[in-house]
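This report refers to the structure that appears directly beneath it.
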Amino acid sequence: MIESKDVMKIADLSRLTLTGEEVRLYSSQLNGILQYVEKLKELETGGTEPTSHVLDLRNVTREDRATASLPVEDVLRNAPDPKDGFYRVPRILE
Amino acid sequence: MSVRYETVIGLEVHAQLLTESKIFCGCSTKFGLPPNSQTCPVCTGMPGSLPVLNEKALLFTIKTGLAMNCGIAPFSRFARKNYFYPDLPKGYQISQYELPVCERGHVEINTGEGFLTRRIGITRIHLEEDAGKNIHEGAGPYSFVDLNRAGTPLMEIVSEPDLRSPKEASAYMRKLRAILRYIGVCDGNMEQGSLRCDANISIRPEGSTKLGTKVELKNMNSFKFVEKALEYEIKRQTSAVKNGEAIIQETRLWDTSTGKTHAMRSKEEAHDYRYFPEPDLVPFMPAREWVEEIKAGIPELPDARRVRFIAAHGLSEYDAEMLTSERALADWFEESVKLGAQPKAASNWIMGELMRLLNEDGISIEESPLAPAGLVELLKLMDSGTISGKIAKTVFDGMYRSKKSADQIIKEQGLVQISGADELGAVIDQIIAANPGETGRFRAGEEKLFGFFVGQAMKATRGKGNPAMINELLRKKLAGN
């Protein structure tokens, strides 16, 4: 059973600000999902391997070869406050 | 009344892999390039970009697992470790959680008591991506972020809580570094951060089997700091427990300038990583033949080589341990022996003169201007009596500095040993004649004056006199014959 405080904790971890109304809405929606999973649990899965991936593929790799990177101007194009080739952010350490 | 405490330490070692490109994209892993110049949509976490695993990163991890006696998982997969930090552009790190590439291994460490070794368990080795780098110095109210390092392949090697002292912890670190360098998967450079270490440390009353509350230590970027931080932490925890205070489970940072650890400011949810299987990467099932092939490519490792050096070359435990600590050093030694050097003599010259010169210049054995053949030439000239042991050091220095052959240096500087009885006899006659007082006292029984005459003879021959000949002639002539 998901409670309001669980939703608020997840929102906090996800850096989301929710209104009281949203917390109530998501609590009820998340509980609906969990009820559905509870229902699925009724299935007999003792002999089934857990699914790691929905694609039936294994061992997809690339060769270790360096290829061209993006020009720095392009890399920083989405950065709101670049400086001297760096991303500039509010100071992390106090 | 006084309870003795035992220390329990486990290490998490991060090793950057020596691949050319990053773990999930083709950007170069080169160190020291302009900020953000080695980045692309994958390693900056642009929407819609997809990771593809670098095969060599997987191969290196399997190779490391095999070299550290681990089992290689027939099935492994990646997981997302979710947290927010400016150096982590995706908001999650692609790592491994419940199905790592390698599990349950061990390495042997030297305990420092005689030459006893102790087996230290390795819980797991997993593969993950490194984060970028944050720069705070000189940034005022800001921090700067450089994502060149983001996506560098990183192995995390987790030990069992088997280590019992700071000395053992650093011995374990050194052993891991030696193995990683032997198999060529990591350069082991702690200053540049290609080898990093976090420690979990707790204390408990001796004899207890229950683990105490552990503290995680970070920011120790040299073997010395690993030892110092752990030593400080043992003192801190012991005195806290003796004063009846509880140990708080927390992360502490080693501060080099104060020589202390201090608690890191932590957010409550810092450890709530909400791992889940990485949907952008399919699982890995390394073929048995591939694993066998990787195993066949592992060179002789430091432990085996040390044992062989003792058995085959008659070296002491200490010498063998030192020489095999670096693969290139052991290779240099074996090459000189192959070329005809007497093993003990080669070992002494390498660990004495050669290491001294290399350390002075701050360079590694790979960069040595002197090749094994040079040392062998020098040893032969000593054996044949062409030069004395004392002069050999001068010649060795000259060979190292000038890259000239021993022969050439000896000729240019006129360093050939004087062994002729006539030539040396004449020198000694002169010394006796010039020092009648000392000669008289020696002949009257003042035996310790013999050293004075030897010194005079060496001085007169500028160190080139054959010491054995000088001794013999002095004895004869001082006795009055």
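Each chain of the structure tokens is named A, B, ... in the order shown, its residues numbered from 1; ligands are numbered from 1 in display order.
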
Distance limit 6 Å, atoms considered: only C-alpha atoms. Which chain A residues sit that close to chain B? Return them as a PDB file with N, CA and C atoms, in the first residue's frame.
```
ATOM      1  N   ARG A  58      21.530 -11.158 -27.108  1.00  0.00           N
ATOM      2  CA  ARG A  58      22.590 -11.239 -26.105  1.00  0.00           C
ATOM      3  C   ARG A  58      23.884 -10.708 -26.718  1.00  0.00           C
ATOM      4  N   ASN A  59      24.816 -10.303 -25.865  1.00  0.00           N
ATOM      5  CA  ASN A  59      26.181  -9.969 -26.295  1.00  0.00           C
ATOM      6  C   ASN A  59      26.270  -8.965 -27.437  1.00  0.00           C
ATOM      7  N   THR A  61      27.901  -5.869 -28.627  1.00  0.00           N
ATOM      8  CA  THR A  61      29.044  -5.040 -28.248  1.00  0.00           C
ATOM      9  C   THR A  61      29.581  -4.284 -29.463  1.00  0.00           C
ATOM     10  N   ARG A  62      30.482  -3.338 -29.189  1.00  0.00           N
ATOM     11  CA  ARG A  62      31.183  -2.650 -30.263  1.00  0.00           C
ATOM     12  C   ARG A  62      32.686  -2.818 -30.051  1.00  0.00           C
ATOM     13  N   GLU A  63      33.418  -2.630 -31.139  1.00  0.00           N
ATOM     14  CA  GLU A  63      34.870  -2.752 -31.087  1.00  0.00           C
ATOM     15  C   GLU A  63      35.436  -1.530 -30.367  1.00  0.00           C
ATOM     16  N   ASP A  64      36.560  -1.705 -29.665  1.00  0.00           N
ATOM     17  CA  ASP A  64      37.175  -0.583 -28.959  1.00  0.00           C
ATOM     18  C   ASP A  64      37.962   0.293 -29.931  1.00  0.00           C
ATOM     19  N   ARG A  65      37.271   1.251 -30.521  1.00  0.00           N
ATOM     20  CA  ARG A  65      37.921   2.148 -31.473  1.00  0.00           C
ATOM     21  C   ARG A  65      37.412   3.556 -31.202  1.00  0.00           C
ATOM     22  N   ALA A  66      38.340   4.526 -31.066  1.00  0.00           N
ATOM     23  CA  ALA A  66      37.928   5.899 -30.777  1.00  0.00           C
ATOM     24  C   ALA A  66      37.411   6.552 -32.050  1.00  0.00           C
ATOM     25  N   THR A  67      36.269   7.198 -31.930  1.00  0.00           N
ATOM     26  CA  THR A  67      35.697   7.918 -33.072  1.00  0.00           C
ATOM     27  C   THR A  67      35.581   9.397 -32.686  1.00  0.00           C
ATOM     28  N   SER A  69      34.493  12.959 -31.479  1.00  0.00           N
ATOM     29  CA  SER A  69      33.518  13.494 -30.528  1.00  0.00           C
ATOM     30  C   SER A  69      32.838  14.694 -31.160  1.00  0.00           C
ATOM     31  N   LEU A  70      31.865  15.274 -30.450  1.00  0.00           N
ATOM     32  CA  LEU A  70      31.195  16.478 -30.953  1.00  0.00           C
ATOM     33  C   LEU A  70      32.080  17.703 -30.725  1.00  0.00           C
ATOM     34  N   VAL A  72      33.027  21.144 -29.150  1.00  0.00           N
ATOM     35  CA  VAL A  72      32.617  21.638 -27.833  1.00  0.00           C
ATOM     36  C   VAL A  72      31.443  22.628 -27.933  1.00  0.00           C
ATOM     37  N   GLY A  85      34.422  26.586 -21.891  1.00  0.00           N
ATOM     38  CA  GLY A  85      34.359  25.178 -22.288  1.00  0.00           C
ATOM     39  C   GLY A  85      33.768  24.254 -21.240  1.00  0.00           C
ATOM     40  N   PHE A  86      33.452  24.799 -20.072  1.00  0.00           N
ATOM     41  CA  PHE A  86      32.845  23.992 -19.001  1.00  0.00           C
ATOM     42  C   PHE A  86      31.337  24.232 -18.936  1.00  0.00           C
ATOM     43  N   TYR A  87      30.640  23.289 -18.337  1.00  0.00           N
ATOM     44  CA  TYR A  87      29.276  23.568 -17.886  1.00  0.00           C
ATOM     45  C   TYR A  87      29.469  24.310 -16.562  1.00  0.00           C
ATOM     46  N   ARG A  88      28.754  25.400 -16.368  1.00  0.00           N
ATOM     47  CA  ARG A  88      28.873  26.091 -15.092  1.00  0.00           C
ATOM     48  C   ARG A  88      27.581  25.890 -14.327  1.00  0.00           C
ATOM     49  N   VAL A  89      27.714  25.456 -13.082  1.00  0.00           N
ATOM     50  CA  VAL A  89      26.530  25.162 -12.252  1.00  0.00           C
ATOM     51  C   VAL A  89      26.694  25.848 -10.892  1.00  0.00           C
ATOM     52  N   PRO A  90      25.609  25.994 -10.139  1.00  0.00           N
ATOM     53  CA  PRO A  90      25.736  26.569  -8.794  1.00  0.00           C
ATOM     54  C   PRO A  90      26.720  25.726  -7.977  1.00  0.00           C
ATOM     55  N   ARG A  91      27.481  26.362  -7.133  1.00  0.00           N
ATOM     56  CA  ARG A  91      28.528  25.677  -6.373  1.00  0.00           C
ATOM     57  C   ARG A  91      27.980  24.436  -5.654  1.00  0.00           C
TER      58      ARG A  91
END
```

Problem set entry | Nearby residues (only C-alpha atoms) at most 7 Å from segment 175-179 of chain B, same-chain spacing under 5 positions excluded, as a ChimeraX atom specification | /B:109,188,301-302,325-326

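With atom CA of Leu11 of chain B on one side and atom CA of Ala169 of chain B on the other, the separation reads 7.6 Å.
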
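Between atom CA of Gly138 of chain B and atom CA of Asp81 of chain A the interatomic distance comes to 16.7 Å.
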
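Atom CA of Leu217 of chain B is positioned 23.7 Å from atom CA of Glu98 of chain B.
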